[in-house]
Every structure is written in structure tokens, then in C-alpha cells.
Amino acid sequence: MYMKILYTYKTETEKVEMVTKLAGHDIVFHEGSLQDGDWSGEGIECLCVFVTSHVGILEIEKCPSLKLIATRSTGFDHIDVASAKVKGVSVASVPVYGENTVAEFAFALLLTISRKMSASIARTQSGSFSSEGLEGFDLKGKTIGVVGTGSIGKNVMQIAKGFGMRVIAFDVRQDTASAAQIGFEYVTLESLLAQSDVVSLHLPENEHTRNIINAERISMMKRGVYIINTARGGLIDTEALVMALKDGRVGGAGLDVLSEEGNVNDEMKLLGQSHPQEEAMKMLLLNHYLLEHPAVVITPHTAFNTKEAIQRILDVTVENVLSFSSGTPKNIIS
């Protein structure tokens, strides 16, 4: 079945590759997200988007011929799945593409914090080779608590074992076979928070996990705990994290995601409004506190971003679109 596809893109290379891989289909390219600039939904049967595009009821209704939303990601909280279902639109995702990729990045964040890499690099760039104040800590012998034991969480635990760390985990669905194979122990979330020197988050964001790390849960943690988040910004209550950093309950954080990332990206737009929303301004200030904190490392949602992982994302997305168009859908979540 021939399909007309609206494809959001970032690079010209990606455009060329998609023209080749989706030959026979009509591809309309749109630079950036669906929220960037104007686009027409006339005749569009497939929206192929990344997490930067919000696909809600307005976007769905803008495409009266829409049959499929193919997201180039594992997570799909940027898509109004309920509205898509009501409109008879299928949603396809990329279930697995970067389990090792994201896990490796989680440890890049942890090592950056544990060995004060940012401060060390900045100091040498300034011309100083003093190591005063740059004392870090060993990972060997420390306890890491992994919240979420899907494929990424399992890869994190395997890496942690290589560093000689003790590994404990929490998940509502326990994989006892993997626990025995890798060598980790399932515990309650409360027990994990109380025992861990490092807490690493690997959960989707939904109504059950949003703000799972809040003031109450942080109060259960070891004093000086380090938090790593390469999953979704909404898993952490930003205000609670800021307060915990201020009083020393949290020793540091490595964050590849932030709650309301757009507030940081669109700072000047927000500040230029005559009556900015109070909550948006509050989040902006909290995120800026995190950006400037010496024990916090923030990266721009780039844990997935390797040549190999991106290729896997594109390949699976193409397979999702082609299988749907041929009547044999794959990786459908709705």
C-alpha cells in the first residue's frame, strides 16, 4: 500500500537515506518538530516523528487521512495514544535500539561526577594543573540501585558489575533469571533508596512513575547519594532535587533529561512574554540552578546519540512503516 508520509528531520543525510529506504512512498519532509513552522496534513497517512514532536489531538485531527504515527523512539509519552486510538490511528515505536548505548552514557555521567571531570577539564583549560579540590570517589565497592530492569537497566547492571559495584534493583516486574545471571538482588524501592550510593533511573514516564523521585523518596536516601537519569525528566521532582542538593542530602546528579526541557531551550522566548506563566518561570529558575551547580552534570538528551544506535532507530522505523503499509504491522503500541 502506497502511503503519504510526513517525516520530521534534523539532517540532510537523514533525508537522503529515507528517500532511498522508503522508495515508492511519497515523503513530505518537515525540518525540526511538528511545533516548528507550518505544515499541511492534507493527504498525510503517516506521521514519522521524534520525541521532540508532540502529537496530540490537534496534530491528529490536522491529518484527516492519518493511519499511522511512527515514532523514532522507544518512549511514546510525546504522543496522545488515547486520542490516536479513538481516531483509529495506530502508533508504532522502536522497542529496542540502544540498550548498551544509553547504559554506557549513564556511566559516562557517573564517572564525570565521581571524578569531577568537568571541573578538572575547566581547570586545565585555564592553564592550571593543580589537583586541589578535585578529589573524587571510587565506584568499586559502592552500591548502585537500578530503578527499572528493562534492557537498558540490565546493561547498566552488567557494566556496574565490571566496576566491582554491588547491584540492587527495583521493578514491578521481576526478571529472576536475569538477576541470577547478572548477579543482582531485587529489593523494594524503599530499601533500594536507603542502601544505594548511586541511584540510576531507567523507567518510562507515565502516571505511575511521574515524580517517582520526590521529596519523600529523597528523604529515604543515603545522605550524599548520587542520582543518574537518562530516562525521562518527569521521573524527578525538580524542586525536590534542588532542595536536596542545597541541603546536601543529594551529593550530585547526572541528568541527560530535565523536566520541562523546553523552558531552558526557549528561555528568551519565555522571558520576553509580558505575563509569563508562574509555573513555567519557576521551572526555568530551578533548571538554571541545576545547570550551574558544580556537582550536577546536564547533557542535552543525547544518551541515545551514537552512529550505531541512530542507524538502528532508522532501520526499525523504516521496517515499522513498510510492514504497516504491507498489512503486517510491527511494534504497534496502540
# chains A, B, ... in the order shown; residues from 1 in each chain; ligands from 1
call {"tool": "select_by_dssp", "arguments": {"residues": "segment 226-258 of chain A", "states": "strand (DSSP E or B)", "output": "list in words"}}
result
Tyr226, Ile227, Ile228, Asn229, Ile236, Val250, Gly251, Gly252, Ala253, Gly254 and Leu255 of chain A
call {"tool": "select_by_dssp", "arguments": {"residues": "segment 123-332 of chain A", "states": "helix (DSSP H, G or I)", "output": "PyMOL selection string"}}
result
chain A and resi 123-125+151-162+176-183+189-195+215-219+233-235+238-247+261-265+267-271+278-292+307-325
call {"tool": "closest_residue", "arguments": {"among": "A:Leu258, A:Ala103, A:Ile298, A:Leu286", "to": "Lys154 of chain A", "atoms": "only C-alpha atoms"}}
result
A:Ala103
call {"tool": "atom_distance", "arguments": {"atom1": "atom CA of Leu285 of chain A", "atom2": "atom CA of Thr112 of chain A"}}
result
24.0 Å
call {"tool": "residues_around", "arguments": {"residues": "Val257 of chain A", "least_positions_apart": "3", "cutoff": "8 Å", "atoms": "only C-alpha atoms", "output": "list in words"}}
result
Asn229, Thr230, Ala231, Arg232, Gly233, Glu261, Ile298, Thr299, Pro300 and His301 of chain A
call {"tool": "closest_residue", "arguments": {"among": "A:Val51, A:Val167, A:Met18, A:Met220", "to": "Asn155 of chain A", "atoms": "only C-alpha atoms"}}
result
A:Val167
call {"tool": "residues_around", "arguments": {"residues": "segment 43-50 of chain A", "least_positions_apart": "4", "cutoff": "8 Å", "atoms": "only C-alpha atoms", "output": "ChimeraX atom specification"}}
result
/A:3-9,33,63-73
call {"tool": "closest_residue", "arguments": {"among": "A:Arg217, A:Lys116, A:Lys282, A:Arg223", "to": "Asp247 of chain A", "atoms": "only C-alpha atoms"}}
result
A:Arg223
call {"tool": "closest_residue", "arguments": {"among": "A:Tyr97, A:Asp175, A:Glu104, A:Leu58", "to": "Ala84 of chain A", "atoms": "only C-alpha atoms"}}
result
A:Leu58
call {"tool": "residues_around", "arguments": {"residues": "Ala122 of chain A", "least_positions_apart": "6", "cutoff": "12 Å", "atoms": "only C-alpha atoms", "output": "PyMOL selection string"}}
result
chain A and resi 116+128-131+134+294
call {"tool": "write_last_selection", "arguments": {"atoms": "C-alpha atoms", "output": "PDB file, in the first residue's frame"}}
result
ATOM      1  CA  LYS A 116      34.961  15.742  38.936  1.00  0.00           C
ATOM      2  CA  SER A 128      46.272  25.387  35.955  1.00  0.00           C
ATOM      3  CA  PHE A 129      47.406  21.826  36.687  1.00  0.00           C
ATOM      4  CA  SER A 130      46.614  21.839  40.404  1.00  0.00           C
ATOM      5  CA  SER A 131      44.532  18.915  41.658  1.00  0.00           C
ATOM      6  CA  LEU A 134      39.340  17.628  42.744  1.00  0.00           C
ATOM      7  CA  PRO A 294      29.148  22.255  40.427  1.00  0.00           C
TER       8      PRO A 294
END
call {"tool": "closest_residue", "arguments": {"among": "A:Ala82, A:Met117, A:Leu290, A:Leu235", "to": "Asn206 of chain A", "atoms": "only C-alpha atoms"}}
result
A:Leu235
call {"tool": "residues_around", "arguments": {"residues": "segment 181-188 of chain A", "least_positions_apart": "6", "cutoff": "7 Å", "atoms": "only C-alpha atoms", "output": "PyMOL selection string"}}
result
chain A and resi 158+167-170
call {"tool": "residues_around", "arguments": {"residues": "Leu189 of chain A", "least_positions_apart": "3", "cutoff": "8 Å", "atoms": "only C-alpha atoms", "output": "MDAnalysis selection string"}}
result
chainID A and resid 147 170 192:193
call {"tool": "closest_residue", "arguments": {"among": "A:Ser323, A:Thr101, A:Thr143, A:Ser126", "to": "Ser196 of chain A", "atoms": "only C-alpha atoms"}}
result
A:Thr143
call {"tool": "atom_distance", "arguments": {"atom1": "atom CA of Gln311 of chain A", "atom2": "atom CA of Gly32 of chain A"}}
result
18.8 Å
call {"tool": "atom_distance", "arguments": {"atom1": "atom CA of Asn214 of chain A", "atom2": "atom CA of Ala240 of chain A"}}
result
5.7 Å
